[in-house]
Structure formats: C-alpha cells, structure tokens
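As stored in model-v4.txt (compact mmCIF, C-alpha atoms):
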```
# COMPACT_ATOMS: atom_id res chain seq x y z
CA MET A 1 -14.98 12.45 -1.69
CA GLY A 2 -13.26 15.49 -3.16
CA ILE A 3 -10.71 13.43 -5.11
CA ASP A 4 -10.10 13.65 -8.85
CA MET A 5 -10.72 10.15 -10.17
CA PRO A 6 -8.32 8.78 -12.77
CA ASP A 7 -9.46 6.96 -15.90
CA VAL A 8 -10.15 3.48 -14.57
CA ARG A 9 -9.15 1.88 -17.88
CA ASP A 10 -5.67 3.40 -17.57
CA PRO A 11 -3.66 1.39 -15.01
CA VAL A 12 -0.79 3.88 -14.96
CA ALA A 13 -3.11 6.78 -14.11
CA VAL A 14 -4.74 4.75 -11.33
CA ALA A 15 -1.31 3.72 -10.01
CA GLN A 16 -0.14 7.33 -9.99
CA ALA A 17 -3.19 8.39 -7.99
CA LEU A 18 -2.53 5.65 -5.44
CA ILE A 19 1.19 6.42 -5.16
CA ARG A 20 0.37 10.08 -4.49
CA CYS A 21 -1.29 8.96 -1.25
CA PRO A 22 1.54 8.53 1.31
CA SER A 23 -0.05 5.47 2.90
CA VAL A 24 2.84 4.38 5.09
CA THR A 25 1.56 1.75 7.53
CA PRO A 26 -0.71 2.32 9.44
CA ALA A 27 -1.81 5.51 7.63
CA ASP A 28 -4.25 5.28 4.73
CA ALA A 29 -3.71 8.87 3.51
CA GLY A 30 -6.62 8.64 1.06
CA ALA A 31 -5.46 5.59 -0.90
CA LEU A 32 -8.63 3.63 -0.19
CA ASP A 33 -10.73 6.67 -1.12
CA VAL A 34 -9.06 6.67 -4.54
CA LEU A 35 -9.65 2.96 -4.96
CA GLU A 36 -13.22 3.05 -3.69
CA GLY A 37 -14.08 5.88 -6.08
CA ALA A 38 -12.62 3.99 -9.03
CA LEU A 39 -14.47 0.79 -8.14
CA LYS A 40 -17.82 2.48 -7.50
CA SER A 41 -17.61 3.95 -10.99
CA LEU A 42 -17.45 0.37 -12.28
CA GLY A 43 -20.52 -0.69 -10.30
CA PHE A 44 -18.82 -2.30 -7.31
CA THR A 45 -20.52 -2.33 -3.94
CA CYS A 46 -17.89 -1.15 -1.46
CA HIS A 47 -17.50 -1.78 2.25
CA ARG A 48 -14.97 0.08 4.35
CA LEU A 49 -13.85 -2.19 7.16
CA PRO A 50 -11.89 -0.47 9.93
CA PHE A 51 -10.54 -2.86 12.55
CA SER A 52 -8.60 -2.25 15.73
CA GLU A 53 -7.24 -4.28 18.59
CA ASP A 54 -5.82 -3.21 21.91
CA GLY A 55 -2.18 -2.23 21.53
CA THR A 56 -2.30 -1.94 17.75
CA ALA A 57 -3.15 0.88 15.37
CA SER A 58 -6.64 1.06 13.87
CA ILE A 59 -6.52 -0.01 10.21
CA ASP A 60 -8.88 0.89 7.39
CA ASN A 61 -9.59 -1.83 4.81
CA LEU A 62 -11.77 -2.15 1.71
CA TYR A 63 -13.87 -4.99 0.38
CA ALA A 64 -15.54 -4.35 -2.97
CA ARG A 65 -17.70 -6.77 -4.96
CA LEU A 66 -19.22 -6.67 -8.42
CA GLY A 67 -22.02 -9.20 -8.85
CA ASP A 68 -23.72 -11.51 -6.37
CA ARG A 69 -23.49 -14.92 -8.02
CA ALA A 70 -20.98 -17.72 -8.27
CA PRO A 71 -18.34 -18.25 -9.41
CA HIS A 72 -16.56 -15.67 -7.32
CA PHE A 73 -13.05 -14.47 -8.27
CA CYS A 74 -11.15 -12.34 -5.77
CA PHE A 75 -8.08 -10.14 -6.15
CA ALA A 76 -6.27 -9.42 -2.88
CA GLY A 77 -3.65 -6.84 -2.09
CA HIS A 78 -2.58 -3.94 0.09
CA THR A 79 -2.36 -0.19 -0.29
CA ASP A 80 -0.07 0.34 2.68
CA VAL A 81 3.63 0.81 2.00
CA VAL A 82 6.87 0.79 3.96
CA PRO A 83 8.60 4.07 4.90
CA VAL A 84 10.74 5.75 2.23
CA GLY A 85 13.88 5.84 4.34
CA ASP A 86 16.31 8.63 3.51
CA ARG A 87 14.43 10.88 1.08
CA GLY A 88 17.71 12.46 0.11
CA GLN A 89 18.74 9.26 -1.64
CA TRP A 90 15.69 9.28 -3.91
CA THR A 91 16.11 10.90 -7.30
CA VAL A 92 12.38 11.76 -7.35
CA ASP A 93 9.68 12.58 -4.83
CA PRO A 94 8.64 9.11 -3.58
CA PHE A 95 4.98 10.16 -3.45
CA ALA A 96 4.71 12.12 -6.70
CA GLY A 97 4.05 9.24 -9.12
CA VAL A 98 6.73 10.49 -11.53
CA ILE A 99 7.25 8.79 -14.90
CA GLU A 100 10.83 8.80 -16.14
CA ASN A 101 12.64 6.67 -18.71
CA GLY A 102 9.64 4.43 -19.26
CA SER A 103 9.08 3.65 -15.57
CA LEU A 104 6.66 4.79 -12.89
CA TYR A 105 8.56 5.79 -9.74
CA GLY A 106 7.33 5.96 -6.17
CA ARG A 107 6.86 4.06 -2.95
CA GLY A 108 4.44 1.27 -3.75
CA ALA A 109 5.07 1.30 -7.51
CA ALA A 110 6.27 -2.32 -7.36
CA ASP A 111 4.81 -3.38 -4.01
CA MET A 112 1.97 -3.23 -4.90
CA LYS A 113 -0.12 -0.24 -5.92
CA SER A 114 0.58 -0.73 -9.63
CA ALA A 115 -0.74 -4.30 -9.45
CA ILE A 116 -3.94 -3.07 -7.79
CA ALA A 117 -4.29 -0.47 -10.54
CA ALA A 118 -3.69 -3.13 -13.19
CA PHE A 119 -6.49 -5.27 -11.79
CA VAL A 120 -8.90 -2.33 -11.66
CA ALA A 121 -8.13 -1.55 -15.30
CA ALA A 122 -8.46 -5.23 -16.20
CA VAL A 123 -11.96 -5.33 -14.71
CA ALA A 124 -12.88 -2.11 -16.52
CA ARG A 125 -11.81 -3.65 -19.82
CA PHE A 126 -13.39 -7.04 -19.05
CA GLY A 127 -16.82 -5.70 -18.16
CA THR A 128 -19.66 -7.27 -16.18
CA PRO A 129 -18.83 -10.83 -15.07
CA PRO A 130 -21.21 -13.81 -15.32
CA GLY A 131 -20.55 -14.28 -11.62
CA SER A 132 -18.72 -12.06 -9.14
CA ILE A 133 -15.42 -10.20 -8.96
CA SER A 134 -14.16 -8.78 -5.69
CA LEU A 135 -11.17 -6.92 -4.31
CA LEU A 136 -9.95 -7.58 -0.78
CA ILE A 137 -7.61 -4.70 0.00
CA THR A 138 -5.95 -4.14 3.36
CA GLY A 139 -3.93 -1.35 4.89
CA ASP A 140 -2.08 -3.69 7.26
CA GLU A 141 0.07 -6.01 5.14
CA GLU A 142 3.34 -4.18 5.74
CA GLY A 143 2.54 -3.83 9.43
CA VAL A 144 1.63 -6.34 12.11
CA ALA A 145 -1.08 -7.92 9.92
CA ILE A 146 -3.54 -8.12 12.81
CA ASN A 147 -6.29 -5.74 11.70
CA GLY A 148 -6.32 -6.49 8.00
CA THR A 149 -6.88 -9.50 5.77
CA LYS A 150 -7.49 -12.05 8.51
CA LYS A 151 -10.29 -10.01 10.08
CA MET A 152 -11.73 -9.18 6.67
CA LEU A 153 -11.97 -12.90 5.89
CA ASP A 154 -13.70 -13.48 9.23
CA TRP A 155 -16.16 -10.69 8.29
CA LEU A 156 -16.86 -12.35 4.94
CA ALA A 157 -17.40 -15.73 6.57
CA ALA A 158 -19.85 -14.21 9.05
CA ARG A 159 -21.82 -12.83 6.08
CA GLY A 160 -21.84 -16.23 4.40
CA GLU A 161 -19.75 -15.04 1.45
CA THR A 162 -17.46 -17.58 -0.19
CA ILE A 163 -14.60 -17.11 -2.63
CA ASP A 164 -13.83 -19.67 -5.32
CA ALA A 165 -10.33 -18.50 -6.30
CA CYS A 166 -7.97 -15.68 -5.40
CA VAL A 167 -4.93 -14.03 -6.94
CA VAL A 168 -2.73 -11.87 -4.73
CA GLY A 169 -0.90 -9.12 -6.60
CA GLU A 170 2.43 -9.32 -4.77
CA PRO A 171 5.56 -8.62 -6.89
CA THR A 172 6.48 -12.25 -7.52
CA ASN A 173 8.90 -11.90 -10.42
CA PRO A 174 12.63 -11.73 -9.59
CA ARG A 175 13.98 -10.42 -12.91
CA ILE A 176 11.42 -10.11 -15.68
CA LEU A 177 7.63 -10.15 -15.94
CA GLY A 178 6.53 -13.76 -16.28
CA ASP A 179 9.39 -15.30 -14.28
CA MET A 180 7.47 -16.67 -11.35
CA ILE A 181 4.12 -17.46 -9.78
CA LYS A 182 3.92 -18.18 -6.07
CA ILE A 183 1.80 -21.23 -5.25
CA GLY A 184 2.68 -21.30 -1.56
CA ARG A 185 4.92 -19.83 1.08
CA ARG A 186 7.14 -21.09 3.84
CA GLY A 187 6.00 -20.51 7.39
CA SER A 188 7.77 -18.28 9.88
CA VAL A 189 8.34 -18.60 13.61
CA ASN A 190 10.30 -16.27 15.87
CA ALA A 191 11.73 -17.25 19.23
CA GLU A 192 13.32 -15.13 21.95
CA ILE A 193 15.30 -17.11 24.52
CA THR A 194 16.41 -15.43 27.73
CA VAL A 195 18.72 -17.49 29.92
CA ILE A 196 18.54 -16.47 33.56
CA GLY A 197 21.70 -16.45 35.67
CA ALA A 198 22.96 -14.57 38.70
CA GLU A 199 25.03 -11.41 38.57
CA GLY A 200 28.42 -11.35 40.23
CA HIS A 201 32.09 -10.35 40.14
CA VAL A 202 34.19 -12.09 37.48
CA ALA A 203 36.85 -12.84 40.08
CA TYR A 204 34.33 -14.80 42.15
CA PRO A 205 32.48 -16.95 39.58
CA HIS A 206 31.45 -19.44 42.27
CA LEU A 207 29.26 -16.72 43.74
CA ALA A 208 27.53 -16.02 40.41
CA ASP A 209 25.85 -17.93 37.59
CA ASN A 210 26.96 -16.90 34.11
CA PRO A 211 24.05 -17.32 31.65
CA ILE A 212 26.12 -16.74 28.52
CA PRO A 213 27.66 -20.24 28.15
CA ARG A 214 24.20 -21.81 28.46
CA LEU A 215 22.77 -19.48 25.86
CA LEU A 216 25.65 -20.29 23.52
CA LYS A 217 25.01 -24.02 23.99
CA ILE A 218 21.36 -23.53 23.13
CA MET A 219 22.18 -21.50 20.02
CA THR A 220 24.78 -24.04 18.90
CA ARG A 221 22.37 -26.95 19.26
CA LEU A 222 19.71 -25.04 17.33
CA THR A 223 22.02 -24.07 14.49
CA ASP A 224 23.74 -27.47 14.28
CA ARG A 225 20.54 -29.27 13.30
CA ARG A 226 19.69 -29.43 9.60
CA LEU A 227 15.93 -29.23 9.76
CA ASP A 228 15.19 -31.04 6.48
CA GLU A 229 16.32 -31.39 2.87
CA GLY A 230 13.37 -29.59 1.30
CA THR A 231 10.36 -31.06 -0.48
CA GLU A 232 9.03 -31.22 -4.02
CA HIS A 233 7.77 -27.64 -3.97
CA PHE A 234 9.77 -26.12 -1.08
CA ASP A 235 13.38 -25.24 -0.37
CA ARG A 236 14.81 -26.64 2.85
CA SER A 237 13.85 -24.94 6.08
CA ASN A 238 16.42 -22.60 7.62
CA LEU A 239 17.05 -21.24 11.09
CA GLU A 240 18.91 -17.96 11.48
CA VAL A 241 20.20 -16.37 14.67
CA THR A 242 19.11 -12.75 14.44
CA THR A 243 20.66 -11.37 17.62
CA VAL A 244 22.50 -12.27 20.83
CA ASP A 245 22.32 -9.56 23.49
CA VAL A 246 23.73 -9.16 26.97
CA GLY A 247 23.92 -5.41 27.36
CA ASN A 248 26.88 -5.65 29.71
CA VAL A 249 29.06 -2.53 29.63
CA ALA A 250 31.29 -3.62 32.54
CA THR A 251 34.41 -5.74 32.08
CA ASN A 252 34.37 -7.24 35.57
CA VAL A 253 30.72 -8.20 35.97
CA ILE A 254 29.02 -11.49 35.15
CA PRO A 255 25.60 -10.53 33.77
CA ALA A 256 22.33 -11.69 35.23
CA ALA A 257 20.72 -12.67 31.92
CA ALA A 258 21.52 -13.21 28.25
CA THR A 259 19.02 -13.12 25.38
CA GLY A 260 19.13 -14.54 21.87
CA ARG A 261 16.58 -14.50 19.07
CA VAL A 262 16.12 -16.84 16.12
CA ASN A 263 13.82 -16.94 13.12
CA ILE A 264 12.90 -20.14 11.29
CA ARG A 265 11.47 -20.14 7.78
CA PHE A 266 10.00 -23.59 7.41
CA ASN A 267 8.41 -25.76 4.76
CA ASP A 268 5.43 -28.10 4.93
CA ARG A 269 7.37 -30.82 6.74
CA HIS A 270 6.89 -28.80 9.92
CA THR A 271 4.31 -26.77 11.77
CA GLY A 272 5.00 -23.70 13.81
CA GLN A 273 4.07 -25.57 16.99
CA SER A 274 6.33 -28.54 16.23
CA LEU A 275 9.26 -26.14 15.90
CA VAL A 276 8.33 -24.32 19.11
CA ASP A 277 8.23 -27.71 20.85
CA TRP A 278 11.70 -28.51 19.48
CA ILE A 279 13.17 -25.20 20.64
CA THR A 280 11.66 -25.82 24.08
CA SER A 281 13.22 -29.28 24.24
CA VAL A 282 16.64 -27.88 23.32
CA CYS A 283 16.39 -25.26 26.07
CA ASP A 284 15.34 -27.95 28.56
CA SER A 285 18.23 -30.19 27.53
CA VAL A 286 20.78 -27.50 28.36
CA GLY A 287 19.21 -26.97 31.78
CA GLY A 288 18.93 -23.99 34.05
CA ALA A 289 16.37 -21.25 34.24
CA TYR A 290 15.17 -19.63 31.03
CA GLU A 291 12.27 -17.73 29.53
CA LEU A 292 11.00 -18.48 26.03
CA LYS A 293 8.77 -16.23 23.97
CA THR A 294 7.58 -17.41 20.55
CA HIS A 295 5.41 -16.06 17.77
CA ILE A 296 4.20 -18.04 14.76
CA SER A 297 3.49 -15.43 12.07
CA GLY A 298 2.40 -17.94 9.45
CA GLU A 299 2.25 -21.64 8.65
CA ALA A 300 3.70 -23.16 5.51
CA PHE A 301 1.07 -23.75 2.84
CA LEU A 302 0.82 -24.96 -0.72
CA THR A 303 -1.86 -24.57 -3.39
CA GLN A 304 -1.28 -27.74 -5.36
CA PRO A 305 -0.63 -27.07 -9.07
CA GLY A 306 -3.96 -27.35 -10.83
CA HIS A 307 -6.85 -25.34 -12.20
CA LEU A 308 -6.00 -21.95 -10.70
CA SER A 309 -2.26 -22.02 -11.23
CA GLN A 310 -2.76 -23.19 -14.80
CA LEU A 311 -5.12 -20.27 -15.50
CA VAL A 312 -2.36 -17.89 -14.44
CA VAL A 313 0.38 -19.80 -16.29
CA ASP A 314 -1.65 -19.75 -19.51
CA ALA A 315 -2.35 -16.02 -19.22
CA VAL A 316 1.32 -15.23 -18.54
CA LYS A 317 2.47 -17.34 -21.48
CA ALA A 318 -0.09 -15.77 -23.81
CA VAL A 319 1.04 -12.23 -22.97
CA THR A 320 4.78 -12.60 -22.30
CA GLY A 321 5.71 -15.81 -24.10
CA ARG A 322 7.32 -17.08 -20.89
CA GLU A 323 6.39 -20.09 -18.80
CA PRO A 324 6.69 -19.02 -15.15
CA ASP A 325 8.20 -21.14 -12.41
CA LEU A 326 5.78 -22.31 -9.74
CA SER A 327 7.58 -21.25 -6.59
CA THR A 328 7.21 -21.06 -2.82
CA THR A 329 10.25 -18.87 -2.18
CA GLY A 330 10.39 -15.54 -0.40
CA GLY A 331 8.87 -14.19 2.79
CA THR A 332 5.33 -14.31 4.06
CA SER A 333 2.30 -12.63 2.48
CA ASP A 334 -1.39 -12.33 3.23
CA ALA A 335 -1.93 -15.42 1.10
CA ARG A 336 -1.18 -17.29 4.34
CA PHE A 337 -4.60 -16.17 5.59
CA ILE A 338 -6.48 -16.49 2.30
CA LYS A 339 -5.45 -20.11 1.79
CA ASN A 340 -7.90 -21.05 4.54
CA ALA A 341 -10.77 -19.62 2.49
CA CYS A 342 -10.02 -20.74 -1.07
CA PRO A 343 -7.26 -21.73 -3.51
CA VAL A 344 -4.80 -18.84 -3.83
CA VAL A 345 -1.77 -18.00 -5.96
CA GLU A 346 0.30 -14.85 -6.23
CA PHE A 347 1.35 -12.98 -9.34
CA GLY A 348 2.33 -9.36 -9.84
CA LEU A 349 5.18 -7.18 -11.02
CA ILE A 350 8.97 -7.42 -10.69
CA GLY A 351 10.13 -7.19 -7.09
CA ALA A 352 13.73 -6.05 -7.62
CA THR A 353 13.13 -2.50 -6.33
CA MET A 354 10.44 -3.09 -3.70
CA HIS A 355 11.23 -1.45 -0.35
CA LYS A 356 14.24 0.25 -1.97
CA VAL A 357 15.22 3.78 -2.93
CA ASP A 358 13.70 4.75 -6.30
CA GLU A 359 11.17 1.92 -6.24
CA ARG A 360 9.68 1.67 -9.72
CA ALA A 361 7.74 -0.38 -12.26
CA ALA A 362 8.11 -0.31 -16.01
CA ILE A 363 5.11 1.20 -17.81
CA ALA A 364 5.21 -1.67 -20.29
CA ASP A 365 5.04 -4.17 -17.43
CA ILE A 366 2.05 -2.44 -15.85
CA GLU A 367 0.23 -2.58 -19.18
CA ALA A 368 1.21 -6.22 -19.71
CA LEU A 369 0.08 -7.15 -16.19
CA THR A 370 -3.29 -5.55 -16.90
CA THR A 371 -3.65 -7.73 -20.00
CA ILE A 372 -2.62 -10.81 -18.00
CA TYR A 373 -5.22 -10.09 -15.31
CA GLN A 374 -7.88 -9.54 -17.96
CA SER A 375 -6.95 -12.86 -19.58
CA ILE A 376 -7.22 -14.60 -16.20
CA LEU A 377 -10.72 -13.20 -15.72
CA GLU A 378 -11.77 -14.26 -19.21
CA SER A 379 -10.53 -17.81 -18.70
CA PHE A 380 -11.92 -18.10 -15.17
CA PHE A 381 -15.43 -17.14 -16.17
CA ALA A 382 -15.29 -19.08 -19.43
CA ARG A 383 -14.54 -22.25 -17.47
CA GLY A 384 -16.93 -21.35 -14.69
```
Translate the structure of the given file into structure tokens.
Amino acid sequence: MGIDMPDVRDPVAVAQALIRCPSVTPADAGALDVLEGALKSLGFTCHRLPFSEDGTASIDNLYARLGDRAPHFCFAGHTDVVPVGDRGQWTVDPFAGVIENGSLYGRGAADMKSAIAAFVAAVARFGTPPGSISLLITGDEEGVAINGTKKMLDWLAARGETIDACVVGEPTNPRILGDMIKIGRRGSVNAEITVIGAEGHVAYPHLADNPIPRLLKIMTRLTDRRLDEGTEHFDRSNLEVTTVDVGNVATNVIPAAATGRVNIRFNDRHTGQSLVDWITSVCDSVGGAYELKTHISGEAFLTQPGHLSQLVVDAVKAVTGREPDLSTTGGTSDARFIKNACPVVEFGLIGATMHKVDERAAIADIEALTTIYQSILESFFARG
C-alpha cells in the first residue's frame, strides 16, 4: 500500500500515523489503509466496505476480524474527523501528529483515532484470542451516518456473523481518564415547522394572513411542556428551539410563511415517533396551514448494567483506581445502531478538547487506555 507501518504495539505511533491522514468527513485520506495494514500484520482478515446512497457521499469503511469462533468481541469506532476550523488558531499543524508537553496533538487525537490505536496495540499485546476479536470502523460517524455503521451491521447480518459484546471508543470521560462509561444514549429528533400564511401590506392585515403569531403559539406550546422528570439512568428530556426564520427584509410587508426548528433529546420514556405525533398534535391544535418535516436520528437506548459494563468498570478501576459513573449523557453515537446487534458500552479518552482547536490526548492516557482495553479482552475471554 506504499505506507510506512507504525509499530502496532505502540499506540502513540499508530495514533500519529492515523492523525497524519486528513480524513475530514467524507474523505478517508489513507486512514483506513494505515489501519488495515496494522491489522493485517496481526493476522486480521480485512474487508473494505464502501457504501453509497443517492444524494450522499460514498464512504469507505473497514471490518476486520481475528478468529472465527465464539465468543466474539468487537471494538467499534470511526476514523473520520470534523474540519479543523481556523488553522491560524492552532498552535501546531492539526494533521502532523505533534507531541508536545506530554500530549499528542491533532484533529482526531481525542475523537477518536487515539482510542482506535490503543485498541490495536491492546490486541497486539493480548495475542491470539480463544474466540474472535473484530474492529468495526466507519468513515461516516461525523457525517450523516447513512453509509457507515448501520450498513456495515446489515452486511454482517447478511453473512450470518454475530457479535457478543461491543465497546465503542468514543471519548466518554469529561475530566479525567476513568470518569465515565456510557451505557446508553438519549434519542434525538429534529422538526422543522413552516406555518403558511398569505403575504400582504401591513396596513391592510384583513387582506393578508400573518403566519408569525401562529408559529409563535406553536413554539410556546412546545417549550411550555416539561416532557418528563428523567428516569433511573437518564436525565430529563429537553426540547430546544434552534431557529425561527422569516427572511422578511421589508418593514411594511406581512410575510407569506414563517419557519421554526426544534431539536428534542429524549430519554427512554419516549420514542421518536411519539414525539413526532405530539408535535403534529400541537400544530393541529393551533390551526391553519402548515408543513412539518421531521427526522429521527436515533432512539434512546440503554444497556442495562451487567456483565459487559462490569468488565469495563473492573478494568478501569484496576488501571486508574477510579470507579467510573455509568452515564447516558451527551449526544448521539454509532452505539445507537450497534445496540440492535449486541450489548454495547462506550469508553475512550477525555473529551474536553474534541472538535476544538488544539485537540489533544495525554500520552499517559493513551498508554493507560491501551492497558484498560487489554484488561477488558483478558477478562472477556477468561469468562467466555
């Protein structure tokens, strides 16, 4: 492949090689070549899985498996990253993989190329499993998430492959390594409401139909409702108005339409469809013509505390001395797709600098995460 392969037992070297590939969604920029080369050297069978769909960019993905027997442990993640923003604000080249002051800098250092590298190194140190280890790596997590993990899971199901447990390497820790494990995520639904009126002169309102008051009534009724009080493992659901737009530059014209958008992050007391139905009923109750567009990007889910979460908790405690919180906070992740295939939890590095200028991960944390992942593998296969 014409790429210098890093030492697979050195997670920092592997992370540097990945960071040096500017894989801003939807580009791969060689990141999966680096990973595939590293995994093939460990005996993995690798499958490149490009997927595309009309209206979306073609995405390259990688599924790699070592072994062909149960039990089957999977590590899931993504090599795509968000744009760097204003390069002038970075103190280093965001795609150089620079090490300064004990930290590895670069886009993807925290989210989540270093975690992928840590898992590769953990497998190299662990050796051949008495079962199977796989990596499910997409290039579409930071994008629209259409041509990545979901389609890879469909591909696995069509082949008859099953996964017994999965850890996603998202940066779950808010402050310090060992703070937090994610055992679920809230769901997310977006709604765009366009109230239809009739344009006219402000001095002759009886000849027009102003859509703005109706839109404001709808938004008020949506925001006035407290959706729930939370559950044992989830914070309360929240609805946020993200924009209200009219686009009217004239001072003497009643506009023909007014549009507002909301996002709801919801817990397991709701489904995306139940919330869409509620929004529809609110719009109907206000009356008048309207158009409603909705998109459910993920349902709320929970992996009940048990065998898998305890494996991760024990490994974190053994390495860091900390007992992590079992949390469902934060945004969505590809775990929302994986939960349909097997139990899944998330654990990775510290997320404080992800998507920010000078994104970075402490070298000591990358090494500690490697040890944690190795401990998880040892315990998983010891228990079978």
task = Measure the distance from atom CA of A:Asn101 to atom CA of A:Cys21 in Å and round it to one decimal.
result =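 Atom CA of A:Asn101 sits 22.5 Å away from atom CA of A:Cys21.
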Each stretch 277-377 of chain A residue no farther than 9 Å from stretch 73-96 of chain A, nearest pair in Å, only C-alpha atoms, as a tab-separated table:
```
residue	atom	partner	partner_atom	distance
A:Asp334	CA	A:Gly77	CA	8.0
A:Ala335	CA	A:Ala76	CA	8.4
A:Ile338	CA	A:Ala76	CA	8.8
A:His355	CA	A:Val82	CA	6.5
A:Lys356	CA	A:Val84	CA	7.8
A:Val357	CA	A:Trp90	CA	5.6
A:Asp358	CA	A:Trp90	CA	5.5
A:Glu359	CA	A:Pro94	CA	8.1
A:Leu377	CA	A:Phe73	CA	7.9
```
message = Using all atoms listed in the file, list the residues that have an atom at most 8 Å from (5.4, -18.7, 6.4), coordinates as in the file, as an NGL selection string.
response = :A and (185-189 or 265-267 or 297-301 or 331-333 or 336)
request  = With a distance cut-off of 6 Å and only C-alpha atoms, select the neighbouring residues of stretch 59-68 of chain A, excluding the residue or stretch itself and same-chain residues fewer than 4 positions from it, and output the selection as an NGL selection string.
outcome  = :A and (44-51 or 131-139 or 147)
ask   = Within 10 Å of (14.6, -25.2, 23.7), in the coordinates the file gives, what residues turn up when you count only C-alpha atoms, written out as a PyMOL selection string?
value = chain A and resi 191+193+218-219+221-222+275-287+290-292
inquiry  = Quick check, in Å to one decimal: how far apart do atom CA of A:Arg159 and atom CA of A:Val123 lie?
reply    = 24.2 Å
ask   = So, counting only C-alpha atoms, which residue among A:Asp228, A:Glu142, A:Asp245, A:Glu170 is closest to A:Val195?
value =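 Once distances to A:Val195 are computed over only C-alpha atoms, the minimum belongs to A:Asp245.
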With all atoms of stretch 259-272 of chain A from the file as input, state the centre and edge lengths in Å to one decimal of the axis-aligned box that has 3 Å extra on each side, as AutoDock Vina command-line options.
```
--center_x 11.7 --center_y -22.0 --center_z 15.1 --size_x 20.8 --size_y 23.7 --size_z 26.6
```
query = Out of A:Pro211, A:Gly260, A:Pro11, A:Gly184, which residue has the shortest atom-to-atom distance to A:Val241 when counting only C-alpha atoms?
reply = A:Gly260
inquiry  = If I take atom CA of A:Asn238 and atom CA of A:Arg175, how far is one from the other in Å, to one decimal?
reply    = 24.0 Å
Please identify all polymer residues within 9 Å of A:Asp314, counting only C-alpha atoms, omitting same-chain residues fewer than 3 positions from it, and present them as a PDB file with C-alpha atoms, in the frame of the given file.
```pdb
ATOM      1  CA  SER A 309      -2.260 -22.020 -11.230  1.00  0.00           C
ATOM      2  CA  GLN A 310      -2.760 -23.190 -14.800  1.00  0.00           C
ATOM      3  CA  LEU A 311      -5.120 -20.270 -15.500  1.00  0.00           C
ATOM      4  CA  LYS A 317       2.470 -17.340 -21.480  1.00  0.00           C
ATOM      5  CA  ALA A 318      -0.090 -15.770 -23.810  1.00  0.00           C
ATOM      6  CA  VAL A 319       1.040 -12.230 -22.970  1.00  0.00           C
ATOM      7  CA  GLU A 323       6.390 -20.090 -18.800  1.00  0.00           C
ATOM      8  CA  SER A 375      -6.950 -12.860 -19.580  1.00  0.00           C
ATOM      9  CA  ILE A 376      -7.220 -14.600 -16.200  1.00  0.00           C
TER      10      ILE A 376
END
```
8 Å contact set for A:Asp235, all atoms listed in the file, chain neighbours under 4 positions out, as a compact mmCIF listing (two decimals) with C-alpha atoms, keeping the file's coordinate frame:
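Once written, around-v9.txt looks like this:
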```txt
# COMPACT_ATOMS: atom_id res chain seq x y z
CA GLU A 229 16.32 -31.39 2.87
CA GLY A 230 13.37 -29.59 1.30
CA THR A 231 10.36 -31.06 -0.48
CA ASN A 267 8.41 -25.76 4.76
CA THR A 328 7.21 -21.06 -2.82
CA THR A 329 10.25 -18.87 -2.18
```
request  = Go through A:Ser274, A:Ser23, A:Ser379, A:Thr251 one by one, measure the shortest atom-to-atom distance of each to A:His201 using all atoms listed in the file, and give the residue with the smallest value.
outcome  = A:Thr251
request  = Have a look at A:Glu141, A:Glu346, A:Asp325, A:Glu367 and name the one nearest to A:Ala165; count only C-alpha atoms.
outcome  =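 Comparing A:Glu141, A:Glu346, A:Asp325, A:Glu367 against A:Ala165, the winner is A:Glu346.
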ask   = Which residue out of A:Val8, A:Ile19, A:Ile196, A:Leu177 has the minimum interatomic distance to A:Phe119 when only C-alpha atoms are used?
value = A:Val8
message = Just want the 7 Å neighbourhood of A:Pro255, counted on all atoms listed in the file, with same-chain residues fewer than 4 positions away dropped. Output as a ChimeraX atom specification.
response = /A:198-199,210,248
